[in-house]
$ cat input.cif   # mmCIF, C-alpha atoms
data_coords
loop_
_atom_site.label_atom_id
_atom_site.label_comp_id
_atom_site.auth_asym_id
_atom_site.auth_seq_id
_atom_site.Cartn_x
_atom_site.Cartn_y
_atom_site.Cartn_z
CA MET A 578 4.55 -27.83 27.51
CA SER A 579 1.53 -30.06 27.05
CA ARG A 580 -0.65 -27.26 28.36
CA SER A 581 0.72 -24.80 25.80
CA ARG A 582 0.09 -27.35 23.08
CA ALA A 583 -3.46 -27.83 24.22
CA PHE A 584 -4.18 -24.13 24.11
CA PRO A 585 -3.94 -23.62 20.35
CA GLY A 586 -6.35 -26.52 19.96
CA ARG A 587 -8.90 -24.78 22.15
CA ARG A 588 -8.36 -21.60 20.24
CA ALA A 589 -8.82 -23.43 16.98
CA ALA A 590 -12.02 -24.99 18.24
CA ALA A 591 -13.28 -21.59 19.31
CA LEU A 592 -12.43 -20.25 15.88
CA VAL A 593 -14.38 -23.01 14.21
CA VAL A 594 -17.38 -22.19 16.37
CA ALA A 595 -16.99 -18.52 15.52
CA ALA A 596 -16.68 -19.25 11.81
CA LEU A 597 -19.77 -21.44 11.86
CA THR A 598 -21.90 -19.05 13.81
CA LEU A 599 -20.87 -15.73 12.32
CA PRO A 600 -21.47 -15.27 8.62
CA GLY A 601 -19.25 -12.23 8.04
CA ALA A 602 -15.57 -12.77 7.41
CA HIS A 603 -14.79 -9.51 9.20
CA ALA A 604 -16.53 -10.61 12.37
CA ALA A 605 -14.74 -13.92 12.28
CA ALA A 606 -11.42 -12.26 11.51
CA SER A 607 -11.71 -9.92 14.46
CA LEU A 608 -12.71 -12.80 16.68
CA ARG A 609 -9.74 -14.70 15.39
CA SER A 610 -7.36 -11.99 16.41
CA LEU A 611 -8.89 -11.97 19.87
CA ILE A 612 -8.56 -15.72 20.10
CA GLY A 613 -4.99 -15.60 18.88
CA GLY A 614 -3.99 -13.19 21.61
CA GLY A 615 -3.02 -10.49 19.12
CA ARG A 616 -1.33 -12.89 16.74
CA PRO A 617 -3.68 -14.09 14.01
CA LEU A 618 -4.39 -17.78 13.77
CA LEU A 619 -3.70 -18.26 10.08
CA ARG A 620 -3.75 -22.05 9.90
CA MET A 621 -7.49 -21.75 9.53
CA SER A 622 -8.27 -19.20 6.90
CA PHE A 623 -11.30 -18.14 4.93
CA ALA A 624 -11.54 -18.47 1.16
CA GLY A 625 -11.23 -14.70 0.86
CA GLU A 626 -7.88 -14.89 2.64
CA ARG A 627 -6.30 -17.96 1.04
CA ILE A 628 -4.01 -16.77 -1.73
CA THR A 629 -4.08 -18.86 -4.87
CA ALA A 630 -1.90 -16.63 -7.04
CA ILE A 631 0.23 -13.51 -6.89
CA ARG A 632 0.98 -11.79 -10.16
CA ARG A 633 3.42 -8.93 -10.47
CA CYS A 634 3.17 -6.31 -13.16
CA GLY A 635 5.35 -3.20 -13.08
CA ASP A 636 5.13 -1.66 -9.64
CA GLY A 637 2.03 -3.56 -8.60
CA TYR A 638 0.85 -6.94 -7.38
CA ALA A 639 -2.44 -8.63 -8.22
CA VAL A 640 -3.40 -11.07 -5.48
CA THR A 641 -6.04 -13.70 -6.20
CA THR A 642 -7.74 -15.50 -3.35
CA ALA A 643 -9.66 -18.76 -3.19
CA ASP A 644 -13.00 -16.97 -3.43
CA GLY A 645 -12.02 -15.87 -6.94
CA ARG A 646 -11.42 -12.23 -6.02
CA THR A 647 -8.35 -10.41 -7.29
CA ARG A 648 -7.07 -7.38 -5.43
CA GLU A 649 -4.43 -5.03 -6.76
CA PHE A 650 -1.79 -3.38 -4.62
CA TRP A 651 0.98 -0.91 -5.22
CA GLU A 652 4.12 -2.87 -4.41
CA PHE A 653 4.84 -0.60 -1.48
CA ASN A 654 1.54 -1.53 0.09
CA LEU A 655 1.95 -5.31 -0.04
CA ARG A 656 4.29 -6.71 2.57
CA PHE A 657 5.48 -10.29 2.67
CA LYS A 658 5.92 -11.97 6.00
CA THR A 659 6.43 -15.44 7.33
CA ASP A 660 4.84 -17.25 10.22
CA SER A 661 6.43 -20.63 10.68
CA SER A 662 4.66 -21.29 13.97
CA LEU A 663 1.63 -23.50 14.58
CA HIS A 664 -0.43 -20.35 14.15
CA GLY A 665 0.98 -19.76 10.69
CA PRO A 666 -0.51 -20.64 7.33
CA ALA A 667 -0.28 -24.16 5.96
CA PRO A 668 2.74 -24.73 3.71
CA GLY A 669 2.03 -23.60 0.16
CA THR A 670 -1.10 -21.71 1.18
CA PRO A 671 -0.18 -18.11 1.93
CA VAL A 672 -2.78 -15.93 3.54
CA LEU A 673 -3.76 -12.36 2.72
CA LEU A 674 -4.45 -10.08 5.67
CA GLU A 675 -5.69 -6.63 4.84
CA SER A 676 -4.39 -3.75 6.90
CA GLY A 677 -4.38 0.01 6.95
CA MET A 678 -7.22 2.41 7.45
CA GLN A 679 -7.96 2.77 3.74
CA GLY A 680 -7.93 -0.98 3.08
CA ASP A 681 -5.24 -0.43 0.48
CA ARG A 682 -2.48 -2.28 2.32
CA ALA A 683 -2.06 -5.93 3.10
CA TYR A 684 0.25 -8.65 4.25
CA ALA A 685 0.84 -11.83 2.31
CA ILE A 686 1.92 -14.30 4.96
CA PHE A 687 3.78 -17.45 4.00
CA SER A 688 4.74 -20.43 6.10
CA ARG A 689 8.43 -20.06 5.21
CA PRO A 690 10.60 -17.62 3.25
CA GLN A 691 11.54 -20.16 0.59
CA GLU A 692 7.95 -20.10 -0.67
CA ILE A 693 7.79 -16.40 -1.45
CA SER A 694 9.71 -15.92 -4.70
CA ARG A 695 8.46 -19.04 -6.43
CA PHE A 696 4.86 -18.18 -5.62
CA ILE A 697 5.01 -14.80 -7.38
CA ARG A 698 4.61 -14.83 -11.14
CA GLU A 699 5.83 -11.98 -13.32
CA SER A 700 2.99 -11.29 -15.71
CA CYS A 701 1.03 -8.31 -16.91
CA GLY A 702 -1.69 -10.40 -18.51
CA ALA A 703 -4.88 -11.51 -16.78
CA MET B 1029 -6.14 34.68 -21.46
CA LYS B 1030 -4.01 34.66 -18.30
CA ILE B 1031 -5.20 38.16 -17.38
CA ASP B 1032 -8.81 37.06 -17.87
CA ARG B 1033 -8.33 34.13 -15.52
CA ILE B 1034 -6.76 36.32 -12.88
CA ARG B 1035 -9.61 38.78 -13.18
CA VAL B 1036 -12.16 36.02 -12.86
CA GLU B 1037 -10.39 34.64 -9.78
CA HIS B 1038 -10.30 38.08 -8.19
CA LEU B 1039 -13.93 38.62 -9.01
CA GLY B 1040 -14.83 35.27 -7.45
CA ALA B 1041 -12.87 36.06 -4.31
CA LEU B 1042 -14.49 39.49 -4.09
CA LEU B 1043 -17.97 38.10 -4.51
CA SER B 1044 -17.48 35.44 -1.89
CA ALA B 1045 -16.13 38.06 0.50
CA LEU B 1046 -19.12 40.27 -0.12
CA ILE B 1047 -21.72 37.54 -0.11
CA PRO B 1048 -20.72 34.92 2.48
CA CYS B 1049 -23.53 32.59 1.48
CA VAL B 1050 -21.93 32.09 -1.95
CA VAL B 1051 -20.03 28.91 -1.14
CA SER B 1052 -17.93 28.10 -4.15
CA ALA B 1053 -15.43 30.74 -5.21
CA ALA B 1054 -12.85 30.08 -7.88
CA GLY B 1055 -10.22 27.63 -6.80
CA ASN B 1056 -6.95 28.78 -5.36
CA PRO B 1057 -3.99 26.56 -6.33
CA GLU B 1058 -1.98 27.47 -3.24
CA ARG B 1059 -4.79 26.45 -0.93
CA GLY B 1060 -5.34 23.46 -3.18
CA ALA B 1061 -1.74 22.35 -2.67
CA ARG B 1062 -2.40 22.31 1.07
CA VAL B 1063 -5.65 20.38 0.68
CA PHE B 1064 -3.84 17.98 -1.64
CA ARG B 1065 -1.84 16.72 1.36
CA GLU B 1066 -4.88 14.58 2.09
CA CYS B 1067 -4.40 12.97 -1.31
CA ALA B 1068 -0.62 12.67 -1.11
CA ALA B 1069 -0.68 9.40 0.83
CA CYS B 1070 -1.84 7.76 -2.39
CA HIS B 1071 -1.04 10.19 -5.21
CA SER B 1072 1.93 12.17 -6.39
CA THR B 1073 1.90 15.05 -8.82
CA VAL B 1074 5.40 14.18 -9.99
CA PRO B 1075 5.24 12.94 -13.58
CA GLY B 1076 5.62 9.15 -13.71
CA ARG B 1077 5.60 8.62 -9.94
CA GLN B 1078 2.88 6.04 -9.44
CA MET B 1079 1.85 5.09 -5.92
CA THR B 1080 -1.34 3.48 -4.62
CA GLY B 1081 -2.99 5.66 -7.22
CA PRO B 1082 -1.62 7.13 -10.44
CA SER B 1083 0.49 10.25 -10.77
CA LEU B 1084 -1.83 13.23 -11.13
CA ALA B 1085 0.76 15.36 -12.92
CA SER B 1086 -1.09 15.41 -16.21
CA ILE B 1087 -4.65 14.36 -15.59
CA TRP B 1088 -6.13 17.71 -16.64
CA GLU B 1089 -8.26 17.12 -19.74
CA ARG B 1090 -7.03 13.53 -19.84
CA LYS B 1091 -9.39 10.60 -20.29
CA ALA B 1092 -9.86 8.73 -17.00
CA GLY B 1093 -7.83 5.55 -16.62
CA THR B 1094 -5.12 6.46 -19.10
CA VAL B 1095 -2.11 7.70 -17.13
CA PRO B 1096 0.85 5.99 -18.80
CA GLY B 1097 2.63 3.45 -16.60
CA PHE B 1098 -0.18 2.99 -14.09
CA THR B 1099 -1.43 -0.58 -14.08
CA ARG B 1100 -3.98 -0.75 -11.26
CA TYR B 1101 -7.06 0.97 -12.63
CA SER B 1102 -10.43 -0.55 -11.85
CA ALA B 1103 -12.40 -1.68 -14.87
CA ALA B 1104 -15.08 0.78 -13.82
CA LEU B 1105 -12.75 3.75 -14.15
CA GLU B 1106 -11.25 2.56 -17.42
CA LYS B 1107 -14.67 2.14 -18.96
CA SER B 1108 -16.14 5.32 -17.51
CA GLY B 1109 -15.55 7.47 -20.58
CA VAL B 1110 -14.94 10.42 -18.26
CA THR B 1111 -12.48 13.16 -19.19
CA TRP B 1112 -11.07 15.07 -16.26
CA ASP B 1113 -11.98 18.75 -16.16
CA ALA B 1114 -13.35 21.11 -13.52
CA ALA B 1115 -16.87 19.69 -13.69
CA THR B 1116 -15.98 15.99 -13.66
CA LEU B 1117 -13.27 16.41 -11.04
CA ASP B 1118 -15.72 18.25 -8.80
CA LYS B 1119 -18.19 15.36 -8.93
CA TRP B 1120 -15.40 12.81 -8.50
CA LEU B 1121 -13.84 14.55 -5.52
CA ALA B 1122 -17.23 15.05 -3.88
CA ASN B 1123 -17.94 11.33 -3.85
CA PRO B 1124 -15.77 9.04 -5.97
CA ALA B 1125 -17.84 5.90 -5.39
CA ALA B 1126 -21.06 7.66 -6.38
CA PHE B 1127 -19.57 9.24 -9.50
CA ILE B 1128 -17.95 6.05 -10.78
CA PRO B 1129 -19.43 3.03 -8.98
CA GLY B 1130 -16.91 0.23 -8.71
CA THR B 1131 -13.90 2.53 -8.49
CA ALA B 1132 -10.96 1.20 -6.51
CA MET B 1133 -10.39 4.60 -4.88
CA SER B 1134 -11.43 4.21 -1.28
CA PHE B 1135 -11.32 7.94 -0.48
CA ARG B 1136 -14.74 9.02 0.79
CA GLY B 1137 -14.62 12.44 -0.81
CA LEU B 1138 -14.22 16.10 0.01
CA ALA B 1139 -17.49 17.50 1.29
CA ASP B 1140 -16.38 21.12 1.16
CA ALA B 1141 -17.01 22.65 -2.28
CA GLN B 1142 -14.33 25.31 -1.80
CA SER B 1143 -11.71 22.67 -0.95
CA ARG B 1144 -12.65 20.76 -4.09
CA ALA B 1145 -12.36 23.91 -6.19
CA ASP B 1146 -8.95 24.59 -4.67
CA VAL B 1147 -7.66 21.08 -5.36
CA ILE B 1148 -8.97 21.26 -8.91
CA ALA B 1149 -7.22 24.60 -9.41
CA TYR B 1150 -4.04 23.05 -8.06
CA LEU B 1151 -4.24 20.05 -10.39
CA GLN B 1152 -4.82 22.34 -13.35
CA ALA B 1153 -1.89 24.53 -12.29
CA VAL B 1154 0.38 21.48 -11.97
CA ALA B 1155 -0.61 20.28 -15.44
CA GLU B 1156 0.09 23.71 -16.87
CA GLY B 1157 3.43 24.05 -15.08
CA ARG B 1158 2.22 26.85 -12.80
CA ALA B 1159 2.58 24.97 -9.51
CA PRO B 1160 5.27 22.75 -8.04
CA ALA B 1161 4.66 19.02 -7.85
CA ALA B 1162 3.76 17.48 -4.51
CA GLY B 1163 5.14 14.17 -3.35
CA LYS B 1164 8.54 14.53 -4.94
CA ASN B 1165 9.75 12.06 -2.39
CA GLY B 1166 6.44 10.31 -1.86
CA PRO B 1167 5.29 9.05 1.50
CA GLY B 1168 7.59 7.49 4.06
CA MET B 1169 8.50 3.83 3.93
CA GLY B 1170 5.59 2.93 6.13
CA GLY B 1171 3.49 5.47 4.33
CA MET B 1172 1.57 6.32 7.46
CA MET B 1173 3.83 9.05 8.71
CA GLY B 1174 4.12 10.92 5.43
CA GLY B 1175 7.84 11.51 5.84
CA SER B 1176 10.34 11.68 3.04
CA ARG B 1177 11.06 8.62 1.00
CA ILE B 1178 14.75 8.07 0.73
CA ASP B 1179 16.81 6.81 -2.15
CA LEU B 1180 17.66 3.28 -1.08
CA LYS B 1181 20.56 3.12 -3.54
CA SER B 1182 22.46 5.43 -1.22
CA ALA B 1183 21.51 3.75 2.05
CA PRO B 1184 24.17 3.99 4.76
CA PRO B 1185 26.07 0.81 5.74
CA ALA B 1186 23.72 0.35 8.71
CA GLY B 1187 20.88 -0.16 6.24
CA GLN B 1188 22.64 -2.33 3.68
CA VAL B 1189 21.73 -5.95 4.32
CA THR B 1190 24.61 -8.26 3.53
CA ARG B 1191 23.13 -11.45 4.96
CA LEU B 1192 19.71 -12.63 6.03
CA THR B 1193 18.98 -16.02 7.54
CA HIS B 1194 15.84 -17.60 8.90
CA CYS B 1195 15.88 -20.12 11.73
CA LYS B 1196 12.69 -21.28 13.38
CA ASP B 1197 10.77 -18.08 14.10
CA THR B 1198 13.73 -15.72 13.88
CA TYR B 1199 15.46 -13.76 11.16
CA THR B 1200 19.09 -12.81 11.64
CA VAL B 1201 19.94 -9.65 9.76
CA THR B 1202 23.55 -8.70 9.10
CA THR B 1203 24.27 -5.23 7.79
CA ALA B 1204 27.32 -3.72 6.09
CA ASP B 1205 28.42 -1.97 9.28
CA GLY B 1206 28.96 -5.39 10.84
CA ARG B 1207 25.91 -5.37 13.09
CA VAL B 1208 23.91 -8.54 13.53
CA GLU B 1209 20.34 -8.31 14.77
CA LYS B 1210 17.77 -10.97 15.51
CA VAL B 1211 14.18 -10.15 14.66
CA TRP B 1212 11.07 -12.20 15.42
CA GLU B 1213 9.74 -13.23 12.02
CA PHE B 1214 6.38 -11.60 12.60
CA ASN B 1215 8.11 -8.26 13.04
CA LEU B 1216 9.99 -8.40 9.76
CA ARG B 1217 8.31 -7.24 6.57
CA LEU B 1218 9.76 -8.10 3.20
CA LYS B 1219 8.89 -5.62 0.48
CA THR B 1220 9.88 -4.64 -3.01
CA ASP B 1221 10.60 -1.26 -4.53
CA SER B 1222 11.24 -1.34 -8.25
CA SER B 1223 11.10 2.46 -8.59
CA ASP B 1224 14.07 4.70 -9.24
CA LEU B 1225 14.33 5.14 -5.46
CA GLY B 1226 14.47 1.40 -4.79
CA PRO B 1227 17.59 -0.56 -3.86
CA ARG B 1228 20.07 -1.92 -6.38
CA ALA B 1229 19.39 -5.45 -7.55
CA GLY B 1230 20.85 -7.93 -5.08
CA HIS B 1231 21.39 -5.26 -2.43
CA PRO B 1232 18.38 -5.19 -0.11
CA VAL B 1233 18.06 -2.41 2.42
CA ALA B 1234 16.73 -2.62 5.98
CA ILE B 1235 14.52 0.12 7.32
CA GLY B 1236 13.31 0.39 10.87
CA ALA B 1237 9.60 0.62 11.53
CA GLY B 1238 7.33 0.60 14.54
CA MET B 1239 7.30 2.69 17.67
CA GLN B 1240 9.30 0.25 19.77
CA GLY B 1241 12.12 -0.14 17.28
CA ASP B 1242 11.45 -3.86 17.21
CA ARG B 1243 10.06 -3.98 13.70
CA ALA B 1244 11.78 -3.63 10.38
CA SER B 1245 11.24 -3.81 6.67
CA ILE B 1246 13.73 -5.24 4.26
CA VAL B 1247 13.27 -3.82 0.80
CA PHE B 1248 14.35 -5.78 -2.26
CA ALA B 1249 14.59 -4.64 -5.88
CA GLY B 1250 12.15 -7.38 -6.93
CA PRO B 1251 10.32 -10.42 -5.57
CA ALA B 1252 12.53 -12.93 -7.35
CA GLU B 1253 15.39 -11.89 -5.06
CA ILE B 1254 13.64 -12.52 -1.77
CA SER B 1255 13.79 -16.27 -1.25
CA PRO B 1256 17.25 -16.86 -2.77
CA PHE B 1257 18.70 -14.12 -0.55
CA ILE B 1258 17.43 -15.71 2.65
CA GLY B 1259 19.88 -18.28 3.90
CA ALA B 1260 19.41 -21.82 5.14
CA GLU B 1261 16.83 -22.13 7.84
CA CYS B 1262 19.09 -23.12 10.72
CA PRO B 1263 22.80 -23.63 11.14
CA ARG B 1264 23.71 -27.26 11.95
CA THR B 1265 24.88 -26.29 15.41
CA SER B 1266 21.47 -24.92 16.30
CA PRO B 1267 19.66 -27.05 18.89
#

$ encode --input "input.cif" --output "C-alpha cells"
Amino acid sequence: MSRSRAFPGRRAAALVVAALTLPGAHAAASLRSLIGGGRPLLRMSFAGERITAIRRCGDGYAVTTADGRTREFWEFNLRFKTDSSLHGPAPGTPVLLESGMQGDRAYAIFSRPQEISRFIRESCGA
Amino acid sequence: MKIDRIRVEHLGALLSALIPCVVSAAGNPERGARVFRECAACHSTVPGRQMTGPSLASIWERKAGTVPGFTRYSAALEKSGVTWDAATLDKWLANPAAFIPGTAMSFRGLADAQSRADVIAYLQAVAEGRAPAAGKNGPGMGGMMGGSRIDLKSAPPAGQVTRLTHCKDTYTVTTADGRVEKVWEFNLRLKTDSSDLGPRAGHPVAIGAGMQGDRASIVFAGPAEISPFIGAECPRTSP
C-alpha cells in the first residue's frame, strides 16, 4: 500500500522535471500520459488545460482555459468525465484534454460529478 | 438554362476524355456526393442540422459565416467578406487555412481539382434541390465510425437510464430493463444532445462505446441535468 502511494509521487516528480525541461505543452502532455501508465495525471495541469469557464450556447460549448484561450466545441464533441482518484484534477479545477484526430473533440474532466452542472453557464454572450 | 448547363457539363467531360492533361472538368454532383463523405464527419447538408461545422444545405451564394443557427464560427471566417460560389469554394476546399487564415476548420484541403469541382457541383445541386442531402442521420454517437445517429427519444429500455450513482471511482448505471451495470468512472462519458434527436429532458440514454464493450456514453438533454441526476456518492453501507 505504501509502495503504491509512493509511486504517484515519483510520477509527479518526473512530470515536474518534464514540464520544466520541455517547453511544449504537447511534449509534456505525451510524457505525462507515459508517466501515468495510460491514465493521464491531471492533478498537475498546464494553463492551457485548466478550465476556468464553460459557456453553453445552443448546441455548442465555449471552453476557456487559464491561458486565456477559448475553444468552441459542438456539444457532441465535448465529453464530460470524472476522475476522483489521486490522478484526477483538483476539486473545482476541471481539465480540458483534447482528443480526436482533427483536434475538434475534447474531454472536460472534473474531480466529481457534482461539479459539472454548476460549472457550466448558459450564455450566448462573450 | 438547364439545357445549357447540361451541354456545358457534357462538353467538359468530352474535352477531358479527349485531352487527358486537362485536369479540371465540370463538377459532377453524384461524384461530389461520394467525395462529400470526407466532409460528413463534420458537416451535414440537411437544412438546420449543425454539427462540428455548419449545415451546408444552403451555402451556395451565401456570405461566409452566416448560416442561421450555427454559433461556432471563427472571427476570421465571419469577417472574411467571402461569398460562397464556385471560385471561392474552390480556393477554400484546396486549402482552407491559406484562403482564410485563422479559420477553425482543421481540414487540410482537397488537393485534387476534379474532386473539388465535384464537391462544389454537389453543394450547388443540394442548394438548388437537385441532389439529396447527406448526413440525414449525422455521424454515429462516437462520430468516428460514421454510422447512423439514432433518435434517443425512442431508445429501447436497455438504453433508458433510470438511475445513476457515483461511488468512489465507479458509476452504477440502472436501465429501464432492470439491468444494473458498474462502470469505471474513466470509461463513462457524459454528453449532451439538445438536437431533435436528443433524449427527452430528464430521461438520459446510455450508449455503448469502445471495442471492448467496457465504455459507455450517457447522453442528457442538457448540462443542467447531469449533476442532479447523479445520485449520492456512496451508500451508507459501502465500506

$ closest_atom_pairs --input "input.cif" --of "chain B" --to "chain A" --cutoff "10 Å" --atoms "only C-alpha atoms" --output "JSON lines"
{"residue": "B:Cys1070", "atom": "CA", "partner": "A:Asp681", "partner_atom": "CA", "distance": 9.3}
{"residue": "B:Gln1078", "atom": "CA", "partner": "A:Asp636", "partner_atom": "CA", "distance": 8.0}
{"residue": "B:Met1079", "atom": "CA", "partner": "A:Trp651", "partner_atom": "CA", "distance": 6.1}
{"residue": "B:Thr1080", "atom": "CA", "partner": "A:Trp651", "partner_atom": "CA", "distance": 5.0}
{"residue": "B:Gly1081", "atom": "CA", "partner": "A:Trp651", "partner_atom": "CA", "distance": 7.9}
{"residue": "B:Pro1082", "atom": "CA", "partner": "A:Trp651", "partner_atom": "CA", "distance": 9.9}
{"residue": "B:Gly1097", "atom": "CA", "partner": "A:Gly635", "partner_atom": "CA", "distance": 8.0}
{"residue": "B:Phe1098", "atom": "CA", "partner": "A:Asp636", "partner_atom": "CA", "distance": 8.3}
{"residue": "B:Thr1099", "atom": "CA", "partner": "A:Gly637", "partner_atom": "CA", "distance": 7.1}
{"residue": "B:Arg1100", "atom": "CA", "partner": "A:Glu649", "partner_atom": "CA", "distance": 6.2}
{"residue": "B:Tyr1101", "atom": "CA", "partner": "A:Glu649", "partner_atom": "CA", "distance": 8.8}
{"residue": "B:Ser1102", "atom": "CA", "partner": "A:Glu649", "partner_atom": "CA", "distance": 9.1}
{"residue": "B:Ala1132", "atom": "CA", "partner": "A:Glu649", "partner_atom": "CA", "distance": 9.0}
{"residue": "B:Met1133", "atom": "CA", "partner": "A:Asp681", "partner_atom": "CA", "distance": 9.0}
{"residue": "B:Ser1134", "atom": "CA", "partner": "A:Gln679", "partner_atom": "CA", "distance": 6.3}
{"residue": "B:Phe1135", "atom": "CA", "partner": "A:Gln679", "partner_atom": "CA", "distance": 7.5}
{"residue": "B:Arg1136", "atom": "CA", "partner": "A:Gln679", "partner_atom": "CA", "distance": 9.7}
{"residue": "B:Met1169", "atom": "CA", "partner": "A:Phe653", "partner_atom": "CA", "distance": 7.9}
{"residue": "B:Gly1170", "atom": "CA", "partner": "A:Phe653", "partner_atom": "CA", "distance": 8.4}
{"residue": "B:Gly1171", "atom": "CA", "partner": "A:Asn654", "partner_atom": "CA", "distance": 8.4}
{"residue": "B:Met1172", "atom": "CA", "partner": "A:Gly677", "partner_atom": "CA", "distance": 8.7}
{"residue": "B:Thr1193", "atom": "CA", "partner": "A:Pro690", "partner_atom": "CA", "distance": 9.5}
{"residue": "B:His1194", "atom": "CA", "partner": "A:Pro690", "partner_atom": "CA", "distance": 7.7}
{"residue": "B:Cys1195", "atom": "CA", "partner": "A:Ser661", "partner_atom": "CA", "distance": 9.5}
{"residue": "B:Lys1196", "atom": "CA", "partner": "A:Ser661", "partner_atom": "CA", "distance": 6.8}
{"residue": "B:Asp1197", "atom": "CA", "partner": "A:Ser661", "partner_atom": "CA", "distance": 6.1}
{"residue": "B:Thr1198", "atom": "CA", "partner": "A:Ser661", "partner_atom": "CA", "distance": 9.4}
{"residue": "B:Tyr1199", "atom": "CA", "partner": "A:Thr659", "partner_atom": "CA", "distance": 10.0}
{"residue": "B:Trp1212", "atom": "CA", "partner": "A:Asp660", "partner_atom": "CA", "distance": 9.6}
{"residue": "B:Glu1213", "atom": "CA", "partner": "A:Thr659", "partner_atom": "CA", "distance": 6.2}
{"residue": "B:Phe1214", "atom": "CA", "partner": "A:Asp660", "partner_atom": "CA", "distance": 6.3}
{"residue": "B:Asn1215", "atom": "CA", "partner": "A:Lys658", "partner_atom": "CA", "distance": 8.3}
{"residue": "B:Leu1216", "atom": "CA", "partner": "A:Lys658", "partner_atom": "CA", "distance": 6.6}
{"residue": "B:Arg1217", "atom": "CA", "partner": "A:Lys658", "partner_atom": "CA", "distance": 5.3}
{"residue": "B:Leu1218", "atom": "CA", "partner": "A:Phe657", "partner_atom": "CA", "distance": 4.8}
{"residue": "B:Lys1219", "atom": "CA", "partner": "A:Arg656", "partner_atom": "CA", "distance": 5.2}
{"residue": "B:Thr1220", "atom": "CA", "partner": "A:Glu652", "partner_atom": "CA", "distance": 6.2}
{"residue": "B:Asp1221", "atom": "CA", "partner": "A:Phe653", "partner_atom": "CA", "distance": 6.6}
{"residue": "B:Ser1222", "atom": "CA", "partner": "A:Asp636", "partner_atom": "CA", "distance": 6.3}
{"residue": "B:Ser1223", "atom": "CA", "partner": "A:Asp636", "partner_atom": "CA", "distance": 7.3}
{"residue": "B:Ser1245", "atom": "CA", "partner": "A:Arg656", "partner_atom": "CA", "distance": 8.6}
{"residue": "B:Ile1246", "atom": "CA", "partner": "A:Arg656", "partner_atom": "CA", "distance": 9.7}
{"residue": "B:Val1247", "atom": "CA", "partner": "A:Phe653", "partner_atom": "CA", "distance": 9.3}
{"residue": "B:Gly1250", "atom": "CA", "partner": "A:Ser694", "partner_atom": "CA", "distance": 9.2}
{"residue": "B:Pro1251", "atom": "CA", "partner": "A:Ser694", "partner_atom": "CA", "distance": 5.6}
{"residue": "B:Ala1252", "atom": "CA", "partner": "A:Ser694", "partner_atom": "CA", "distance": 4.9}
{"residue": "B:Glu1253", "atom": "CA", "partner": "A:Ser694", "partner_atom": "CA", "distance": 7.0}
{"residue": "B:Ile1254", "atom": "CA", "partner": "A:Ser694", "partner_atom": "CA", "distance": 6.0}
{"residue": "B:Ser1255", "atom": "CA", "partner": "A:Gln691", "partner_atom": "CA", "distance": 4.9}
{"residue": "B:Pro1256", "atom": "CA", "partner": "A:Gln691", "partner_atom": "CA", "distance": 7.4}
{"residue": "B:Phe1257", "atom": "CA", "partner": "A:Gln691", "partner_atom": "CA", "distance": 9.4}
{"residue": "B:Ile1258", "atom": "CA", "partner": "A:Pro690", "partner_atom": "CA", "distance": 7.1}
{"residue": "B:Gly1259", "atom": "CA", "partner": "A:Gln691", "partner_atom": "CA", "distance": 9.2}
{"residue": "B:Ala1260", "atom": "CA", "partner": "A:Gln691", "partner_atom": "CA", "distance": 9.2}
{"residue": "B:Glu1261", "atom": "CA", "partner": "A:Pro690", "partner_atom": "CA", "distance": 9.0}

$ atom_distance --input "input.cif" --atom1 "atom CA of Pro1075 of chain B" --atom2 "atom CA of Ala1155 of chain B"
9.6 Å

$ resolve_selection --input "input.cif" --expression "the PyMOL selection byres ((chain B and resi 1209) around 10)" --output "list of chain:residue names"
B:Leu1192, B:Thr1198, B:Tyr1199, B:Thr1200, B:Val1201, B:Thr1202, B:Thr1203, B:Gly1206, B:Arg1207, B:Val1208, B:Lys1210, B:Val1211

$ write_last_selection --input "input.cif" --atoms "C-alpha atoms" --output "mmCIF file, in the coordinates of the input"
data_model
loop_
_atom_site.group_PDB
_atom_site.id
_atom_site.type_symbol
_atom_site.label_atom_id
_atom_site.label_comp_id
_atom_site.auth_asym_id
_atom_site.auth_seq_id
_atom_site.Cartn_x
_atom_site.Cartn_y
_atom_site.Cartn_z
ATOM 1 C CA LEU B 1192 19.710 -12.630 6.030
ATOM 2 C CA THR B 1198 13.730 -15.720 13.880
ATOM 3 C CA TYR B 1199 15.460 -13.760 11.160
ATOM 4 C CA THR B 1200 19.090 -12.810 11.640
ATOM 5 C CA VAL B 1201 19.940 -9.650 9.760
ATOM 6 C CA THR B 1202 23.550 -8.700 9.100
ATOM 7 C CA THR B 1203 24.270 -5.230 7.790
ATOM 8 C CA GLY B 1206 28.960 -5.390 10.840
ATOM 9 C CA ARG B 1207 25.910 -5.370 13.090
ATOM 10 C CA VAL B 1208 23.910 -8.540 13.530
ATOM 11 C CA LYS B 1210 17.770 -10.970 15.510
ATOM 12 C CA VAL B 1211 14.180 -10.150 14.660
#

$ atom_distance --input "input.cif" --atom1 "atom CA of Ala1092 of chain B" --atom2 "atom CA of Arg1059 of chain B"
24.5 Å

$ resolve_selection --input "input.cif" --expression "the PyMOL selection byres ((chain B and resi 1160) around 10)" --output "list in words"
Glu1058, Ala1061, Thr1073, Val1074, Ala1085, Tyr1150, Ala1153, Val1154, Ala1155, Gly1157, Arg1158, Ala1159, Ala1161, Ala1162, Gly1163 and Lys1164 of chain B

$ atom_distance --input "input.cif" --atom1 "atom CA of Ala1122 of chain B" --atom2 "atom CA of Gly1137 of chain B"
4.8 Å

$ closest_residue --input "input.cif" --among "A:Leu618, A:Thr647, A:Leu674, A:Leu663" --to "Ala630 of chain A" --atoms "all atoms listed in the file"
A:Thr647

$ resolve_selection --input "input.cif" --expression "the PyMOL selection byres ((chain A and resi 620) around 6)" --output "list in words"
Leu618, Leu619, Met621, His664, Gly665, Pro666 and Ala667 of chain A

$ write_last_selection --input "input.cif" --atoms "C-alpha atoms" --output "short mmCIF file (atom, residue, chain, number, x, y, z; two decimals), in the coordinates of the input"
data_model
loop_
_atom_site.label_atom_id
_atom_site.label_comp_id
_atom_site.auth_asym_id
_atom_site.auth_seq_id
_atom_site.Cartn_x
_atom_site.Cartn_y
_atom_site.Cartn_z
CA LEU A 618 -4.39 -17.78 13.77
CA LEU A 619 -3.70 -18.26 10.08
CA MET A 621 -7.49 -21.75 9.53
CA HIS A 664 -0.43 -20.35 14.15
CA GLY A 665 0.98 -19.76 10.69
CA PRO A 666 -0.51 -20.64 7.33
CA ALA A 667 -0.28 -24.16 5.96
#
